[in-house]
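A.B. asks: Starting off with a structure, shown below.
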Amino acid sequence: MGEPTPRQRTVIVSDSKPVMPPYIKMRYDAGRNRWIILAPERLFDPDPIAVEVLKLCDGARTVGDIAAHLSNEYNAPVQDIEVDIIAMLQDLSDKGVVKA
Amino acid sequence: MNEIAPSPGGHVKEGTITMDAGEMRCDANPSSPTAPDPSCVVRAPIGLLAELTHRCPLQCPYCSNPLELEKVNVELSTEDWQKVMRQAAQLGILQVHLSGGEPTARRDLEEIVKTAAESGLYTNLITAAVLLKRERLEKLKECGLDHVQISIQDVDTQAENADRIAGYKGGSAKKKEVAGWVRELGMPLTINAPIHRHNIHSVEAIINYAVELGAGRVEIAHVQYYAWALKNRSSLMPTRDAFMAAARLVERKREELKGIIVIDAVVPDYYAKYPKPCMGGWGKGIINITPSGRVLPCHAAESITHLEFDNVRDKPLADIWLNGDAFQKYRGTSWMKEPCRTCPRREIDYGGCRCQAFALTGDAANTDPACSLSPLHEEWAKVADVESHQSPPAFVYRRPGGATPKPAAEKTPVSSDA
Ligand code: SF4
Ligand code: SF4
């Protein structure tokens, strides 16, 4: 059996463990020299930050873990980063690109 | 089709298959003997609509296939389609929509899907589902199929109406069964519902039904009045009031079902102020290939009688995309006449639909009468209003020869275009 039908909106919080389902494909498009996300009848155009966040979304790390990781890397306040990526992941979850 | 919409957070822009490919220049196909002009600013296409066959067990009166359906003996071979898939990926195409007719009527669908997936294309199956068996769906998944879109005519509790519209008994129940398999196999599902006078009252039920079926997306696709749909316009056209009510309902359901299902809507242009950018702009992002291999800028382009179309049997796809007459003819904006030529919306809607402009004005370079700035607009829009209030005539069902239902003996094959 596959995943059950989602009946309720997923709300992304610090403890959520986001992951892109296998039918969502993020890959580098060499011809266009940029990253793209392929989804049913949709294309998404992630900026470098989104690419980095999504690469860390493995279904094991929490949003909090990811924010902490990026905070280290960019030397930016973890709180700000978390707010930013929760907004981004919520939007992608609403569009079915990310599950959590 | 939607345009790119900014998203909160601003890190991910969204587009449909018509998404603008940015500043990239197309330099695909270096091996072609006819190398593209270096000054070419044509962008690589994003999507390929592959009409694998015009065969279909259904007979939908709004079918977008041409009235002259291509026969099985002219269809491309398996190897031809495999070649097309490889060339498409090389050209920069990202998504392929395997469509028809009914694509599962081709026994080699698995091989075509496999090659497409191996070439790196995202594969969408656009199907009426009635021919599918569970084992075959599993096979297709193994071959790399990414997504399944099933079209429905109405909800399961209105099966009789649904089957009457499709001209296929038992279709509604069968579609429901196949949708279940798609979800059981863990594949993403889209429900596509062409909307017209005979089901516009069911829009809310259809959206709820799509949720029940586990779809991640539902398309409330008001019928576009070309080809068979144009032939059946007086049977299919909803009233303006019915359309407005449906539009409000879609807005409400979008809020209500946010995060549960994505609702996309295609608006009928008879009730719009400005036309849609047909195919996101002619020769801008999409390629359509017919069962026999003719390469079209849009699925209805063959209705523009003076255009000549290349065939994938004769030329590489990249060459056709870059240099083909049919693509060059209405690409960009330089071919435009007034009022489009100086209109601030010319790079938004590209003057609307060339086929509709040709059908109604005799010149495909004129403004689409769907635009309120077209001198023909008022007269044209009135048609919808009048027809939608008359009692609907019987359907002209989509079947080979169905558009000219004359007994063979009465035909007089004298004129060259008979
Ligand atoms: S619209 Fe109906 S008749 Fe036309 S190809 Fe699709 S299912 Fe077949
Ligand atoms: S005049 Fe032409 S470009 Fe302007 S809105 Fe109408 S169709 Fe579009």
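Chain labels follow the order of the structure tokens: the first chain is A, the next B, and so on; residue numbering restarts at 1 in every chain, and ligands are counted from 1 in their shown order.
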Just the residues within 10 Å of B:Asp154, please, counting only C-alpha atoms, with nothing from its chain fewer than 4 positions along; format it as a list of chain:residue names.
C.D. replies: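 Answer for this query is B:Gln158, B:Ala159, B:Glu160, B:Asn161, B:Ala162, B:Asp163, B:Ile165, B:Ala166, B:Ser172, B:Ala193, B:Pro194, B:Ile195, B:His198, B:Asn199, B:Ile200, B:His201, B:Ser202, B:Val203, B:Ala205, B:Ile206, B:Tyr209.
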A.B. asks: Write the selection just made, keeping all heavy atoms, as a short mmCIF file (atom, residue, chain, number, x, y, z; two decimals), in the first residue's frame?
C.D. replies:
```
data_model
loop_
_atom_site.label_atom_id
_atom_site.label_comp_id
_atom_site.auth_asym_id
_atom_site.auth_seq_id
_atom_site.Cartn_x
_atom_site.Cartn_y
_atom_site.Cartn_z
N GLN B 158 -22.83 9.99 -10.12
CA GLN B 158 -23.51 10.43 -11.34
C GLN B 158 -22.95 9.65 -12.53
O GLN B 158 -22.75 10.20 -13.62
CB GLN B 158 -23.28 11.93 -11.58
CG GLN B 158 -23.79 12.83 -10.49
CD GLN B 158 -25.30 12.88 -10.48
OE1 GLN B 158 -25.93 12.70 -11.51
NE2 GLN B 158 -25.88 13.08 -9.30
N ALA B 159 -22.70 8.36 -12.30
CA ALA B 159 -22.02 7.55 -13.31
C ALA B 159 -22.77 7.54 -14.65
O ALA B 159 -22.16 7.55 -15.71
CB ALA B 159 -21.83 6.13 -12.80
N GLU B 160 -24.08 7.57 -14.55
CA GLU B 160 -24.86 7.51 -15.78
C GLU B 160 -24.59 8.74 -16.65
O GLU B 160 -24.41 8.63 -17.87
CB GLU B 160 -26.34 7.42 -15.43
CG GLU B 160 -27.14 6.63 -16.43
CD GLU B 160 -28.56 6.44 -15.92
OE1 GLU B 160 -28.75 5.78 -14.88
OE2 GLU B 160 -29.47 6.99 -16.56
N ASN B 161 -24.58 9.88 -15.99
CA ASN B 161 -24.29 11.12 -16.72
C ASN B 161 -22.87 11.09 -17.28
O ASN B 161 -22.63 11.43 -18.44
CB ASN B 161 -24.46 12.33 -15.79
CG ASN B 161 -24.36 13.66 -16.52
OD1 ASN B 161 -24.93 13.80 -17.61
ND2 ASN B 161 -23.63 14.60 -15.97
N ALA B 162 -21.93 10.64 -16.45
CA ALA B 162 -20.53 10.57 -16.88
C ALA B 162 -20.39 9.68 -18.11
O ALA B 162 -19.75 10.06 -19.10
CB ALA B 162 -19.66 10.04 -15.74
N ASP B 163 -21.02 8.53 -18.07
CA ASP B 163 -20.89 7.58 -19.17
C ASP B 163 -21.60 8.06 -20.44
O ASP B 163 -21.16 7.79 -21.56
CB ASP B 163 -21.41 6.20 -18.75
CG ASP B 163 -20.54 5.57 -17.67
OD1 ASP B 163 -19.45 6.12 -17.39
OD2 ASP B 163 -20.93 4.53 -17.11
N ILE B 165 -21.79 11.25 -21.28
CA ILE B 165 -20.92 12.28 -21.85
C ILE B 165 -19.77 11.63 -22.63
O ILE B 165 -19.44 12.05 -23.74
CB ILE B 165 -20.38 13.21 -20.75
CG1 ILE B 165 -21.53 14.01 -20.12
CG2 ILE B 165 -19.32 14.17 -21.31
CD1 ILE B 165 -21.17 14.69 -18.81
N ALA B 166 -19.16 10.61 -22.04
CA ALA B 166 -18.00 9.97 -22.67
C ALA B 166 -18.42 9.00 -23.78
O ALA B 166 -17.58 8.54 -24.54
CB ALA B 166 -17.18 9.23 -21.63
N SER B 172 -17.10 5.30 -15.82
CA SER B 172 -16.95 6.01 -14.54
C SER B 172 -16.44 5.07 -13.45
O SER B 172 -15.50 5.39 -12.71
CB SER B 172 -18.29 6.62 -14.15
OG SER B 172 -18.19 7.27 -12.92
N ALA B 193 -11.02 17.23 -14.88
CA ALA B 193 -12.44 17.22 -15.20
C ALA B 193 -12.77 18.33 -16.18
O ALA B 193 -12.81 19.50 -15.81
CB ALA B 193 -13.27 17.39 -13.93
N PRO B 194 -12.96 17.99 -17.45
CA PRO B 194 -13.42 19.00 -18.41
C PRO B 194 -14.84 19.44 -18.01
O PRO B 194 -15.71 18.60 -17.80
CB PRO B 194 -13.42 18.26 -19.74
CG PRO B 194 -12.51 17.09 -19.53
CD PRO B 194 -12.72 16.71 -18.10
N ILE B 195 -15.03 20.75 -17.88
CA ILE B 195 -16.30 21.28 -17.36
C ILE B 195 -17.10 21.95 -18.48
O ILE B 195 -16.54 22.69 -19.30
CB ILE B 195 -16.03 22.31 -16.24
CG1 ILE B 195 -15.23 21.67 -15.10
CG2 ILE B 195 -17.35 22.92 -15.73
CD1 ILE B 195 -15.93 20.55 -14.36
N HIS B 198 -23.06 20.18 -19.02
CA HIS B 198 -23.65 18.94 -18.51
C HIS B 198 -23.05 18.47 -17.20
O HIS B 198 -23.42 17.41 -16.70
CB HIS B 198 -23.53 17.84 -19.58
CG HIS B 198 -24.21 18.22 -20.86
ND1 HIS B 198 -25.49 17.87 -21.16
CD2 HIS B 198 -23.77 18.98 -21.89
CE1 HIS B 198 -25.82 18.37 -22.34
NE2 HIS B 198 -24.79 19.05 -22.81
N ASN B 199 -22.07 19.22 -16.67
CA ASN B 199 -21.53 18.82 -15.36
C ASN B 199 -21.11 20.02 -14.51
O ASN B 199 -20.53 19.85 -13.44
CB ASN B 199 -20.35 17.84 -15.51
CG ASN B 199 -19.16 18.47 -16.21
OD1 ASN B 199 -19.15 19.68 -16.49
ND2 ASN B 199 -18.15 17.67 -16.48
N ILE B 200 -21.41 21.22 -14.98
CA ILE B 200 -20.94 22.41 -14.25
C ILE B 200 -21.61 22.49 -12.87
O ILE B 200 -21.04 23.04 -11.93
CB ILE B 200 -21.16 23.70 -15.08
CG1 ILE B 200 -20.34 24.84 -14.48
CG2 ILE B 200 -22.63 24.07 -15.24
CD1 ILE B 200 -20.08 26.01 -15.40
N HIS B 201 -22.76 21.88 -12.73
CA HIS B 201 -23.44 21.83 -11.43
C HIS B 201 -22.71 20.90 -10.46
O HIS B 201 -22.98 20.90 -9.27
CB HIS B 201 -24.87 21.34 -11.64
CG HIS B 201 -24.93 20.07 -12.44
ND1 HIS B 201 -24.96 20.07 -13.82
CD2 HIS B 201 -24.88 18.77 -12.07
CE1 HIS B 201 -24.95 18.82 -14.27
NE2 HIS B 201 -24.89 18.01 -13.21
N SER B 202 -21.78 20.09 -10.96
CA SER B 202 -21.08 19.11 -10.11
C SER B 202 -19.69 19.56 -9.68
O SER B 202 -18.95 18.76 -9.11
CB SER B 202 -20.91 17.79 -10.87
OG SER B 202 -22.13 17.12 -11.02
N VAL B 203 -19.33 20.80 -9.94
CA VAL B 203 -17.93 21.20 -9.70
C VAL B 203 -17.49 20.94 -8.27
O VAL B 203 -16.42 20.36 -8.02
CB VAL B 203 -17.69 22.68 -10.11
CG1 VAL B 203 -16.36 23.18 -9.58
CG2 VAL B 203 -17.72 22.81 -11.63
N ALA B 205 -18.78 18.83 -6.11
CA ALA B 205 -18.75 17.38 -5.90
C ALA B 205 -17.52 16.76 -6.55
O ALA B 205 -16.89 15.84 -6.00
CB ALA B 205 -20.03 16.75 -6.45
N ILE B 206 -17.14 17.28 -7.71
CA ILE B 206 -15.97 16.74 -8.41
C ILE B 206 -14.69 17.01 -7.61
O ILE B 206 -13.83 16.13 -7.47
CB ILE B 206 -15.87 17.34 -9.84
CG1 ILE B 206 -16.94 16.72 -10.74
CG2 ILE B 206 -14.48 17.12 -10.43
CD1 ILE B 206 -17.10 17.38 -12.10
N TYR B 209 -14.70 14.70 -4.73
CA TYR B 209 -14.44 13.34 -5.24
C TYR B 209 -12.94 13.14 -5.48
O TYR B 209 -12.37 12.10 -5.15
CB TYR B 209 -15.24 13.14 -6.52
CG TYR B 209 -15.16 11.77 -7.15
CD1 TYR B 209 -15.30 10.62 -6.39
CD2 TYR B 209 -14.98 11.63 -8.53
CE1 TYR B 209 -15.26 9.35 -6.99
CE2 TYR B 209 -14.94 10.39 -9.14
CZ TYR B 209 -15.07 9.25 -8.36
OH TYR B 209 -15.03 8.02 -8.96
#
```
A.B. asks: Let me have all residues with an atom within 6 Å of ligand 1, counting only C-alpha atoms and all ligand atoms, laid out as number ranges by chain.
C.D. replies: B: 56, 58-60, 63, 100-102, 128, 398
A.B. asks: As JSON, numbers by chain, please: the residues near A:Pro40 (cut-off 8 Å, only C-alpha atoms, same-chain neighbours under 3 positions excluded).
C.D. replies: {"A": [24], "B": [124, 146, 147, 188, 190]}
A.B. asks: For ligand 2, collect every residue having any atom at a distance of at most 8 Å from a ligand atom (counting only C-alpha atoms and all ligand atoms); output as a list of chain:residue names.
C.D. replies: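 My answer, listing the contacting residues, is B:Tyr274, B:Pro275, B:Glu338, B:Pro339, B:Cys340, B:Arg341, B:Thr342, B:Cys343, B:Pro344, B:Arg345, B:Arg346, B:Glu347, B:Ile348, B:Asp349, B:Tyr350, B:Gly351, B:Gly352, B:Thr367, B:Asp368, B:Pro369, B:Ala370, B:Cys371, B:Ser372, B:Leu373, B:Ser374.
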A.B. asks: Give me a file of those residues, with C-alpha atoms, as a PDB file, in the first residue's frame.
C.D. replies:
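See again-v5.pdb below for the written result:
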```pdb
ATOM      1  CA  TYR B 274      -8.346  39.010 -22.221  1.00  0.00           C
ATOM      2  CA  PRO B 275      -7.293  35.840 -23.958  1.00  0.00           C
ATOM      3  CA  GLU B 338      -2.820  46.259 -34.239  1.00  0.00           C
ATOM      4  CA  PRO B 339      -4.195  46.344 -31.601  1.00  0.00           C
ATOM      5  CA  CYS B 340      -1.738  43.714 -30.315  1.00  0.00           C
ATOM      6  CA  ARG B 341       1.392  45.240 -31.834  1.00  0.00           C
ATOM      7  CA  THR B 342       1.432  48.217 -29.463  1.00  0.00           C
ATOM      8  CA  CYS B 343      -0.520  46.675 -26.603  1.00  0.00           C
ATOM      9  CA  PRO B 344       1.177  46.527 -23.197  1.00  0.00           C
ATOM     10  CA  ARG B 345      -0.100  42.975 -22.775  1.00  0.00           C
ATOM     11  CA  ARG B 346       1.554  41.650 -25.900  1.00  0.00           C
ATOM     12  CA  GLU B 347       4.240  39.777 -23.975  1.00  0.00           C
ATOM     13  CA  ILE B 348       1.684  38.524 -21.468  1.00  0.00           C
ATOM     14  CA  ASP B 349      -0.862  36.842 -23.702  1.00  0.00           C
ATOM     15  CA  TYR B 350       0.888  36.993 -27.093  1.00  0.00           C
ATOM     16  CA  GLY B 351      -2.334  38.065 -28.759  1.00  0.00           C
ATOM     17  CA  GLY B 352      -4.201  34.957 -27.627  1.00  0.00           C
ATOM     18  CA  THR B 367      -6.068  39.636 -32.490  1.00  0.00           C
ATOM     19  CA  ASP B 368      -7.880  36.651 -31.015  1.00  0.00           C
ATOM     20  CA  PRO B 369     -11.585  37.600 -30.836  1.00  0.00           C
ATOM     21  CA  ALA B 370     -11.485  36.373 -27.246  1.00  0.00           C
ATOM     22  CA  CYS B 371      -9.802  39.715 -26.468  1.00  0.00           C
ATOM     23  CA  SER B 372     -12.160  42.540 -25.570  1.00  0.00           C
ATOM     24  CA  LEU B 373      -9.987  44.834 -27.737  1.00  0.00           C
ATOM     25  CA  SER B 374     -10.723  42.820 -30.869  1.00  0.00           C
TER      26      SER B 374
END
```
A.B. asks: Applying 10 Å and only C-alpha atoms, which residues near A:Val98 remain after dropping the ones on its own chain fewer than 5 positions away? List them as a PyMOL selection string.
C.D. replies: chain A and resi 10+17-21+24+54+57+59+89-93
A.B. asks: Go ahead and write the residues just picked, all heavy atoms, as a short mmCIF file (atom, residue, chain, number, x, y, z; two decimals), in the first residue's frame.
C.D. replies:
```cif
data_model
loop_
_atom_site.label_atom_id
_atom_site.label_comp_id
_atom_site.auth_asym_id
_atom_site.auth_seq_id
_atom_site.Cartn_x
_atom_site.Cartn_y
_atom_site.Cartn_z
N THR A 10 -0.87 19.56 6.48
CA THR A 10 0.31 19.39 7.31
C THR A 10 0.83 20.76 7.71
O THR A 10 1.03 21.61 6.85
CB THR A 10 1.41 18.65 6.52
OG1 THR A 10 0.88 17.41 6.07
CG2 THR A 10 2.64 18.41 7.36
N LYS A 17 9.76 16.65 10.17
CA LYS A 17 10.87 16.03 9.44
C LYS A 17 10.53 16.00 7.95
O LYS A 17 10.02 14.99 7.45
CB LYS A 17 11.12 14.62 9.97
CG LYS A 17 11.59 14.61 11.42
CD LYS A 17 11.74 13.20 11.93
CE LYS A 17 12.30 13.24 13.35
NZ LYS A 17 12.19 11.92 14.00
N PRO A 18 10.79 17.08 7.27
CA PRO A 18 10.36 17.17 5.87
C PRO A 18 11.20 16.30 4.93
O PRO A 18 12.38 16.06 5.19
CB PRO A 18 10.55 18.65 5.53
CG PRO A 18 11.59 19.13 6.50
CD PRO A 18 11.47 18.30 7.73
N VAL A 19 10.53 15.86 3.87
CA VAL A 19 11.22 15.09 2.83
C VAL A 19 10.45 15.26 1.52
O VAL A 19 9.24 15.41 1.52
CB VAL A 19 11.34 13.60 3.23
CG1 VAL A 19 9.95 12.96 3.34
CG2 VAL A 19 12.21 12.82 2.26
N MET A 20 11.18 15.24 0.42
CA MET A 20 10.50 15.26 -0.88
C MET A 20 10.14 13.82 -1.24
O MET A 20 11.01 12.95 -1.22
CB MET A 20 11.41 15.86 -1.96
CG MET A 20 11.46 17.37 -1.90
SD MET A 20 12.22 18.08 -3.37
CE MET A 20 13.93 17.82 -2.99
N PRO A 21 8.87 13.55 -1.57
CA PRO A 21 8.52 12.18 -1.97
C PRO A 21 9.27 11.79 -3.26
O PRO A 21 9.74 12.67 -3.99
CB PRO A 21 7.01 12.25 -2.19
CG PRO A 21 6.65 13.68 -2.26
CD PRO A 21 7.73 14.46 -1.60
N ILE A 24 8.85 13.57 -6.64
CA ILE A 24 9.28 14.96 -6.81
C ILE A 24 10.79 14.91 -7.05
O ILE A 24 11.53 14.35 -6.25
CB ILE A 24 8.98 15.80 -5.55
CG1 ILE A 24 7.50 15.73 -5.18
CG2 ILE A 24 9.46 17.25 -5.73
CD1 ILE A 24 6.56 16.49 -6.09
N LEU A 54 16.52 22.04 0.78
CA LEU A 54 15.87 20.81 0.31
C LEU A 54 16.84 19.63 0.28
O LEU A 54 16.44 18.49 0.51
CB LEU A 54 15.24 21.06 -1.07
CG LEU A 54 13.99 21.95 -1.00
CD1 LEU A 54 13.57 22.42 -2.39
CD2 LEU A 54 12.83 21.22 -0.32
N CYS A 57 16.66 18.06 3.56
CA CYS A 57 15.38 17.46 3.94
C CYS A 57 15.40 15.97 3.60
O CYS A 57 15.05 15.56 2.49
CB CYS A 57 14.22 18.14 3.21
SG CYS A 57 13.93 19.82 3.72
N GLY A 59 13.98 13.53 5.69
CA GLY A 59 12.98 12.79 6.45
C GLY A 59 13.48 12.36 7.82
O GLY A 59 12.72 11.81 8.62
N LEU A 89 8.95 25.92 3.54
CA LEU A 89 8.53 24.51 3.54
C LEU A 89 7.01 24.37 3.67
O LEU A 89 6.42 23.44 3.11
CB LEU A 89 9.25 23.74 4.66
CG LEU A 89 10.75 23.56 4.43
CD1 LEU A 89 11.41 22.98 5.68
CD2 LEU A 89 11.03 22.66 3.22
N GLN A 90 6.38 25.29 4.38
CA GLN A 90 4.92 25.27 4.48
C GLN A 90 4.30 25.46 3.09
O GLN A 90 3.39 24.74 2.69
CB GLN A 90 4.41 26.36 5.43
CG GLN A 90 2.90 26.33 5.62
CD GLN A 90 2.45 25.05 6.32
OE1 GLN A 90 2.91 24.73 7.41
NE2 GLN A 90 1.58 24.29 5.68
N ASP A 91 4.85 26.42 2.38
CA ASP A 91 4.37 26.69 1.03
C ASP A 91 4.56 25.45 0.14
O ASP A 91 3.65 25.04 -0.59
CB ASP A 91 5.12 27.90 0.47
CG ASP A 91 4.65 28.26 -0.91
OD1 ASP A 91 3.42 28.30 -1.12
OD2 ASP A 91 5.50 28.51 -1.78
N LEU A 92 5.72 24.84 0.22
CA LEU A 92 5.99 23.67 -0.61
C LEU A 92 5.14 22.47 -0.16
O LEU A 92 4.72 21.66 -0.99
CB LEU A 92 7.48 23.31 -0.56
CG LEU A 92 8.39 24.31 -1.28
CD1 LEU A 92 9.85 23.91 -1.12
CD2 LEU A 92 8.04 24.41 -2.76
N SER A 93 4.88 22.37 1.12
CA SER A 93 4.02 21.30 1.61
C SER A 93 2.59 21.48 1.09
O SER A 93 1.95 20.53 0.64
CB SER A 93 4.04 21.28 3.14
OG SER A 93 3.00 20.49 3.63
#
```
A.B. asks: Compare B:Leu249, B:Tyr122, B:Val72, B:Ala357 by their minimum atom-to-atom distance to A:Ile36, counting only C-alpha atoms, and give me the closest one.
C.D. replies: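 Selected residue with least distance to A:Ile36: B:Tyr122.
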A.B. asks: For the atom pair atom CA of B:Ala173 and atom CA of B:Val130, what is the interatomic distance in Å to one decimal place?
C.D. replies: 9.0 Å
A.B. asks: Using only C-alpha atoms, which protein or nucleic acid residues come within 9 Å of A:Ser71? Drop anything in the same chain fewer than 6 positions from it, and give the result as a ChimeraX atom specification.
C.D. replies: /A:77-82
A.B. asks: List the spatial neighbours of A:Pro46 as a VMD selection string - criterion: any atom at most 12 Å away, only C-alpha atoms, same-chain residues fewer than 2 positions off excluded.
C.D. replies: (chain A and resid 26 to 29 34 to 38 43 to 44 48 to 55 88 to 89 92 97) or (chain B and resid 6 to 7 9 to 15)
A.B. asks: Find, counting only C-alpha atoms, the residue in A:Ala100, A:Ile66, A:Val11, A:Leu56 that gets nearest to chain B.
C.D. replies: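 Selected residue with least distance to chain B: A:Val11.
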A.B. asks: With distances taken over only C-alpha atoms, which residue among A:Arg7, A:Gly64, A:Ile12, A:Arg42 lies nearest A:Ala87?
C.D. replies: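 The answer is A:Ile12, which sits nearest to A:Ala87.
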A.B. asks: Mind the document's chain letters and residue numbers, and return as a VMD selection string the residues of stretch 236-352 of chain B that DSSP labels helix (DSSP H, G or I).
C.D. replies: chain B and resid 236 240 to 256 269 to 271 278 to 280 301 to 303 317 to 323 325 to 329 346 to 349
A.B. asks: Just list the residues in chain A DSSP gives strand (DSSP E or B) on the backbone, as a VMD selection string.
C.D. replies: chain A and resid 19 25 to 29 34 to 39 42 to 46 58 99
A.B. asks: Please measure the separation of atom CA of B:Val223 and atom CA of B:Ala265, giving the value in Å to one decimal.
C.D. replies: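 Separation between atom CA of B:Val223 and atom CA of B:Ala265: 10.7 Å.
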